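Enquirer: This structure is in structure tokens; I'll ask about it shortly.
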Amino acid sequence: MSLEPRDETDHRAWMQERDLSPIEEGYLYGLIYLDKRLRIVDYLELMEDMYYKINLQMPKSHTEQYNLDNKFWYWYPLYSLGFFSIIAYIVAAVTGGILGFYYSPSTAEHPEYTYVAYAHVAQTIMIDLNFGSFLRSLHRWSAQIMTAAVFLHMLRVYFTGAYKEPRELNWLLGIVLISLTMVFGYTGYLLPWSQLSYWAGQIGVEMALSIPLIGEWTAQLVFGGFTLGEPTIQRMYILHVFILPFVVTALIAIHVGIVWMQGIAEPH
Amino acid sequence: MTERDHTEGVRTDGGEAQTDGGETDGGAGLPANVPPDDQTPTWHDRKARTQGLSRLTYEYFERARYEDQVLRQESDYVERDVLAFPTWPHETIRNLAITSFFLGMMFFVSAALPPHLPDPADPANTPPVILPDWYLYWSFGLLHLDPINPNLAILGGDKLVSDRVYGVLANLVVVGFIAMVPFLNKGSARRPVEEPFWGALGVAGVVFAITIAIVPIQNIVAEFIDIMTINLLFALSFILPVVAFFIAYAVLKTMQEGYMYELNKRYYRLRPPR
């Protein structure tokens, strides 16, 4: 059996009967080549569908309805705090990835700096590595700024009542995110294994132990024991560079996606 | 003849398929279980034919779609593309400007103020002040609520829960309350002026986050300020938020009066009372 191509699927003939420039012709050849193999047309439909979903007809916002743009522009910085925290998060992720090349979570003894982890921070990163000190500074500051922006973002949402009716679930998600941000900060704080890190870790173990019934189990799980040491720093490291990045990134994506779907709540 | 009949029936010679139209070209190429085009149910038909929960889902989505359609036909719905601030280039350039400014600020601060690296960990040497990073001060303060952990006479003056558990519980209560806010405060008000109570509560919460952060270091603060004692500081950390609440409430209430006065003035100018 031979299936003759029908007229409407004969793209070559269609192209020849049209007066196309070389650029258009090249583009169409490429497009048809890829479409025959990958069936791009299906995905184009998806994209088109998405375009119309994104450019839905939205209700006039309050500022548009009452022409308040001239009075509201100075609120804009408050509305970009969430975006700021995302930028700071991206900067922290990039700098953290580079810092990770030069760090190892170990409390093994070091002749000069007492601990290997501390030596990596104090010597390898801050002295030996070009721009290492700046890199660490940037990582630390972006983390601080991210936390600050997240707190201020929460205050903005509270005082403009942006958590109300359709947005309760995103408020709850935001509370999970702010908590995870603080856990991010805490686990990172412990990694240099400095004096402050150690005693902050001590507080953490005591907090875990004070939980009724499952306290000891929690301390074992999170800190690897009741006293701080090698297992603690390794768990903090894995939390900081492996578990939390994936969880927090996914939750931020959902958080922003919900904002995109629901629209920004402008003050009335 | 439905699709199910075809898929369930065992194909012996393909004769069955040839009877409905002969489109399969003598049974040589195409399988017999492809129904003719005009009999293929559309997705819409399939969804409409479902039973039980999926039927309910289908019906609800039809209703929701209808609701959307009605909403869009109402007068205050506009085409974003036409009337709003365009994404390109206005919004994009504004966001790029803000992003670059913010990145530049971050790089500048990092270059100008490198963080201090303390001495290596020393389990034998407890530092005089143990503090977590600044964003956990409030939580750390809540762990130091020993003086207000109630002791019960019925237990012979013993405390019901240990101080540590009490501190962790205090954290849970505070975070739990913040999580409950959208379920306690309903309505469409967006400005603190419209809801003086919730606005004042927010101000009190911010002040409390600061005052409670001082509790773990109150002995140091008491040394610096002569008139302060530890007990006074502890009391103040609970009194100040309440004071802040009442001040904020009064201010917001006053603003609300002025706000309503303006609105009334405009209202009566448009429609004078008869």
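Simple scheme: letters A, B, ... for chains in structure tokens order, numbers from 1 for residues in each chain, numbers from 1 for ligands in the order shown.
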Find the residues near Gln195 (chain A): any atom within 8 Å, counting only C-alpha atoms, skip ones fewer than 4 places away on the same chain, and give them as a list of chain:residue names.

Expert: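 Counting only the stated atoms, we get A:Trp199, B:Pro118, B:Asp119, B:Pro120, B:Ala121, B:Asp122, B:Pro127.
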
Enquirer: How about saving the chosen residues, N, CA and C atoms kept, as a JSON list (two decimals), in the first residue's frame?

Expert:
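As a result, result-v5.json now contains:
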```
[["chain", "number", "residue", "atom", "x", "y", "z"],
["A", 199, "TRP", "N", 27.98, 27.67, 69.49],
["A", 199, "TRP", "CA", 27.02, 27.91, 70.59],
["A", 199, "TRP", "C", 25.60, 28.10, 70.08],
["B", 118, "PRO", "N", 34.40, 34.97, 63.59],
["B", 118, "PRO", "CA", 34.84, 34.80, 64.97],
["B", 118, "PRO", "C", 35.89, 33.69, 65.08],
["B", 119, "ASP", "N", 36.40, 33.51, 66.30],
["B", 119, "ASP", "CA", 37.38, 32.44, 66.54],
["B", 119, "ASP", "C", 36.78, 31.08, 66.30],
["B", 120, "PRO", "N", 37.64, 30.07, 66.07],
["B", 120, "PRO", "CA", 37.09, 28.71, 65.89],
["B", 120, "PRO", "C", 36.35, 28.23, 67.12],
["B", 121, "ALA", "N", 35.48, 27.24, 66.92],
["B", 121, "ALA", "CA", 34.65, 26.73, 68.00],
["B", 121, "ALA", "C", 35.50, 26.22, 69.15],
["B", 122, "ASP", "N", 35.05, 26.50, 70.36],
["B", 122, "ASP", "CA", 35.77, 26.04, 71.56],
["B", 122, "ASP", "C", 34.75, 25.58, 72.59],
["B", 127, "PRO", "N", 31.11, 31.62, 75.59],
["B", 127, "PRO", "CA", 31.21, 33.08, 75.45],
["B", 127, "PRO", "C", 30.22, 33.77, 76.39]]
```

Enquirer: Using only C-alpha atoms, determine which residues of chain B fall within 7 Å of chain A; present them as a VMD selection string.

Expert: chain B and resid 72 76 to 80 106 to 107 110 to 111 114 to 115 118 to 122 130 to 132 164 to 165 179 182 186 189 to 192 199

Enquirer: Separation of CA of Thr229 (chain B) and CA of Gly202 (chain B), in Å?

Expert: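 So the two atoms, CA of Thr229 (chain B) and CA of Gly202 (chain B), lie 28.0 Å apart.
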
Enquirer: Pick the closest to Val116 (chain A) from A:Leu244, A:Leu20, A:Ile233, A:Leu180: which is it, counting only C-alpha atoms?

Expert: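 Result for the nearest residue to Val116 (chain A): A:Ile233.
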
Enquirer: Any idea what the distance is between CA of Leu184 (chain B) and CA of Ser237 (chain B)?

Expert: 25.6 Å

Enquirer: So how far away is CA of Ile148 (chain B) from CA of Ser162 (chain B), in Å?

Expert: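 So the two atoms, CA of Ser162 (chain B) and CA of Ile148 (chain B), lie 11.8 Å apart.
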
Enquirer: Taking the DSSP secondary structure from the backbone, can you list the residues of region 56-196 of chain A that are strand (DSSP E or B), as a PyMOL selection string?

Expert: chain A and resi 58-59+109-110+114-115+194

Enquirer: Counting only C-alpha atoms, what is within 12 Å of region 219-225 of chain B, bar same-chain residues fewer than 5 positions away, as a list in words?

Expert: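 Here the answer would be Pro128, Val129, Ile130, Thr211, Ala213, Ile214, Ile230, Asn231, Leu232, Leu233 and Phe234 of chain B.
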
Enquirer: Selected residues, N, CA, C and O atoms, written as a PDB file, in the first residue's frame, please.

Expert:
```pdb
ATOM      1  N   PRO B 128      30.522  35.028  76.794  1.00  0.00           N
ATOM      2  CA  PRO B 128      29.630  35.737  77.735  1.00  0.00           C
ATOM      3  C   PRO B 128      28.236  35.966  77.157  1.00  0.00           C
ATOM      4  O   PRO B 128      27.250  35.898  77.881  1.00  0.00           O
ATOM      5  N   VAL B 129      28.147  36.256  75.872  1.00  0.00           N
ATOM      6  CA  VAL B 129      26.837  36.481  75.256  1.00  0.00           C
ATOM      7  C   VAL B 129      26.645  35.435  74.160  1.00  0.00           C
ATOM      8  O   VAL B 129      27.442  35.347  73.235  1.00  0.00           O
ATOM      9  N   ILE B 130      25.606  34.625  74.297  1.00  0.00           N
ATOM     10  CA  ILE B 130      25.272  33.667  73.236  1.00  0.00           C
ATOM     11  C   ILE B 130      24.041  34.190  72.525  1.00  0.00           C
ATOM     12  O   ILE B 130      22.990  34.354  73.138  1.00  0.00           O
ATOM     13  N   THR B 211      10.984  44.135  71.509  1.00  0.00           N
ATOM     14  CA  THR B 211      11.185  44.123  72.969  1.00  0.00           C
ATOM     15  C   THR B 211      11.522  42.717  73.469  1.00  0.00           C
ATOM     16  O   THR B 211      12.335  42.557  74.375  1.00  0.00           O
ATOM     17  N   ALA B 213      13.162  40.574  71.941  1.00  0.00           N
ATOM     18  CA  ALA B 213      14.543  40.260  71.557  1.00  0.00           C
ATOM     19  C   ALA B 213      15.524  40.741  72.611  1.00  0.00           C
ATOM     20  O   ALA B 213      16.643  40.231  72.701  1.00  0.00           O
ATOM     21  N   ILE B 214      15.109  41.731  73.436  1.00  0.00           N
ATOM     22  CA  ILE B 214      16.013  42.271  74.455  1.00  0.00           C
ATOM     23  C   ILE B 214      16.045  41.369  75.691  1.00  0.00           C
ATOM     24  O   ILE B 214      17.001  41.397  76.455  1.00  0.00           O
ATOM     25  N   ILE B 230      16.446  44.363  85.892  1.00  0.00           N
ATOM     26  CA  ILE B 230      16.070  43.238  85.037  1.00  0.00           C
ATOM     27  C   ILE B 230      14.555  43.031  85.055  1.00  0.00           C
ATOM     28  O   ILE B 230      13.926  42.810  84.022  1.00  0.00           O
ATOM     29  N   ASN B 231      13.972  43.171  86.262  1.00  0.00           N
ATOM     30  CA  ASN B 231      12.524  42.979  86.360  1.00  0.00           C
ATOM     31  C   ASN B 231      11.765  44.033  85.570  1.00  0.00           C
ATOM     32  O   ASN B 231      10.787  43.726  84.879  1.00  0.00           O
ATOM     33  N   LEU B 232      12.261  45.279  85.662  1.00  0.00           N
ATOM     34  CA  LEU B 232      11.592  46.363  84.945  1.00  0.00           C
ATOM     35  C   LEU B 232      11.672  46.119  83.441  1.00  0.00           C
ATOM     36  O   LEU B 232      10.690  46.269  82.716  1.00  0.00           O
ATOM     37  N   LEU B 233      12.855  45.688  82.982  1.00  0.00           N
ATOM     38  CA  LEU B 233      13.027  45.418  81.557  1.00  0.00           C
ATOM     39  C   LEU B 233      12.070  44.327  81.096  1.00  0.00           C
ATOM     40  O   LEU B 233      11.440  44.422  80.054  1.00  0.00           O
ATOM     41  N   PHE B 234      11.978  43.274  81.926  1.00  0.00           N
ATOM     42  CA  PHE B 234      11.103  42.158  81.547  1.00  0.00           C
ATOM     43  C   PHE B 234       9.646  42.625  81.469  1.00  0.00           C
ATOM     44  O   PHE B 234       8.924  42.285  80.537  1.00  0.00           O
TER      45      PHE B 234
END
```

Enquirer: With only C-alpha atoms as the counted atoms, please give the residues lying no more than 9 Å from region 253-257 of chain A, apart from itself and same-chain residues fewer than 3 positions off, as an NGL selection string.

Expert: :A and (170 or 173-174 or 177 or 248-250 or 260-262)

Enquirer: Write the residues of the preceding selection, restricted to N, CA, C and O atoms, as a PDB file, in the first residue's frame.

Expert:
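Everything below was put into out_12.pdb:
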```pdb
ATOM      1  N   ASN A 170      -1.860  31.169  50.309  1.00  0.00           N
ATOM      2  CA  ASN A 170      -0.539  31.711  50.006  1.00  0.00           C
ATOM      3  C   ASN A 170       0.094  32.334  51.239  1.00  0.00           C
ATOM      4  O   ASN A 170       1.311  32.327  51.375  1.00  0.00           O
ATOM      5  N   LEU A 173       1.531  29.416  53.024  1.00  0.00           N
ATOM      6  CA  LEU A 173       2.744  29.017  52.312  1.00  0.00           C
ATOM      7  C   LEU A 173       3.877  29.990  52.614  1.00  0.00           C
ATOM      8  O   LEU A 173       5.041  29.591  52.774  1.00  0.00           O
ATOM      9  N   GLY A 174       3.517  31.278  52.722  1.00  0.00           N
ATOM     10  CA  GLY A 174       4.516  32.285  53.056  1.00  0.00           C
ATOM     11  C   GLY A 174       5.104  32.061  54.427  1.00  0.00           C
ATOM     12  O   GLY A 174       6.307  32.250  54.635  1.00  0.00           O
ATOM     13  N   LEU A 177       7.536  29.408  54.129  1.00  0.00           N
ATOM     14  CA  LEU A 177       8.744  29.896  53.445  1.00  0.00           C
ATOM     15  C   LEU A 177       9.616  30.747  54.363  1.00  0.00           C
ATOM     16  O   LEU A 177      10.840  30.624  54.340  1.00  0.00           O
ATOM     17  N   VAL A 248      12.947  24.879  49.024  1.00  0.00           N
ATOM     18  CA  VAL A 248      12.621  26.312  49.026  1.00  0.00           C
ATOM     19  C   VAL A 248      12.379  26.823  47.612  1.00  0.00           C
ATOM     20  O   VAL A 248      11.441  27.579  47.371  1.00  0.00           O
ATOM     21  N   THR A 249      13.197  26.373  46.651  1.00  0.00           N
ATOM     22  CA  THR A 249      12.991  26.821  45.275  1.00  0.00           C
ATOM     23  C   THR A 249      11.615  26.389  44.766  1.00  0.00           C
ATOM     24  O   THR A 249      10.882  27.185  44.161  1.00  0.00           O
ATOM     25  N   ALA A 250      11.251  25.141  45.044  1.00  0.00           N
ATOM     26  CA  ALA A 250       9.941  24.652  44.597  1.00  0.00           C
ATOM     27  C   ALA A 250       8.824  25.461  45.252  1.00  0.00           C
ATOM     28  O   ALA A 250       7.867  25.881  44.587  1.00  0.00           O
ATOM     29  N   TRP A 260       0.737  34.989  40.661  1.00  0.00           N
ATOM     30  CA  TRP A 260       0.483  35.245  39.243  1.00  0.00           C
ATOM     31  C   TRP A 260      -0.976  34.925  38.897  1.00  0.00           C
ATOM     32  O   TRP A 260      -1.676  35.692  38.240  1.00  0.00           O
ATOM     33  N   MET A 261      -1.445  33.774  39.394  1.00  0.00           N
ATOM     34  CA  MET A 261      -2.818  33.373  39.098  1.00  0.00           C
ATOM     35  C   MET A 261      -3.828  34.321  39.720  1.00  0.00           C
ATOM     36  O   MET A 261      -4.829  34.682  39.095  1.00  0.00           O
ATOM     37  N   GLN A 262      -3.569  34.698  41.001  1.00  0.00           N
ATOM     38  CA  GLN A 262      -4.582  35.462  41.738  1.00  0.00           C
ATOM     39  C   GLN A 262      -4.467  36.960  41.514  1.00  0.00           C
ATOM     40  O   GLN A 262      -5.392  37.697  41.809  1.00  0.00           O
TER      41      GLN A 262
END
```

Enquirer: For region 252-260 of chain B, list every protein, DNA or RNA residue within 7 Å, evaluated using only C-alpha atoms, and leave out those in the same chain fewer than 6 positions away; present the list as number ranges by chain.

Expert: B: 193-194, 196

Enquirer: As a PyMOL selection string, which residues of region 36-266 of chain A does DSSP assign to helix (DSSP H, G or I)?

Expert: chain A and resi 36-38+40-54+62-65+69-79+81-100+116-128+132-159+165-190+195-209+215-223+230-262

Enquirer: Ranking A:Val205, A:Ile264, A:Leu191, A:Leu221 by minimum distance to Pro105 (chain A) and counting only C-alpha atoms, which one comes first?

Expert: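 Closest to Pro105 (chain A), using only C-alpha atoms: A:Leu191.
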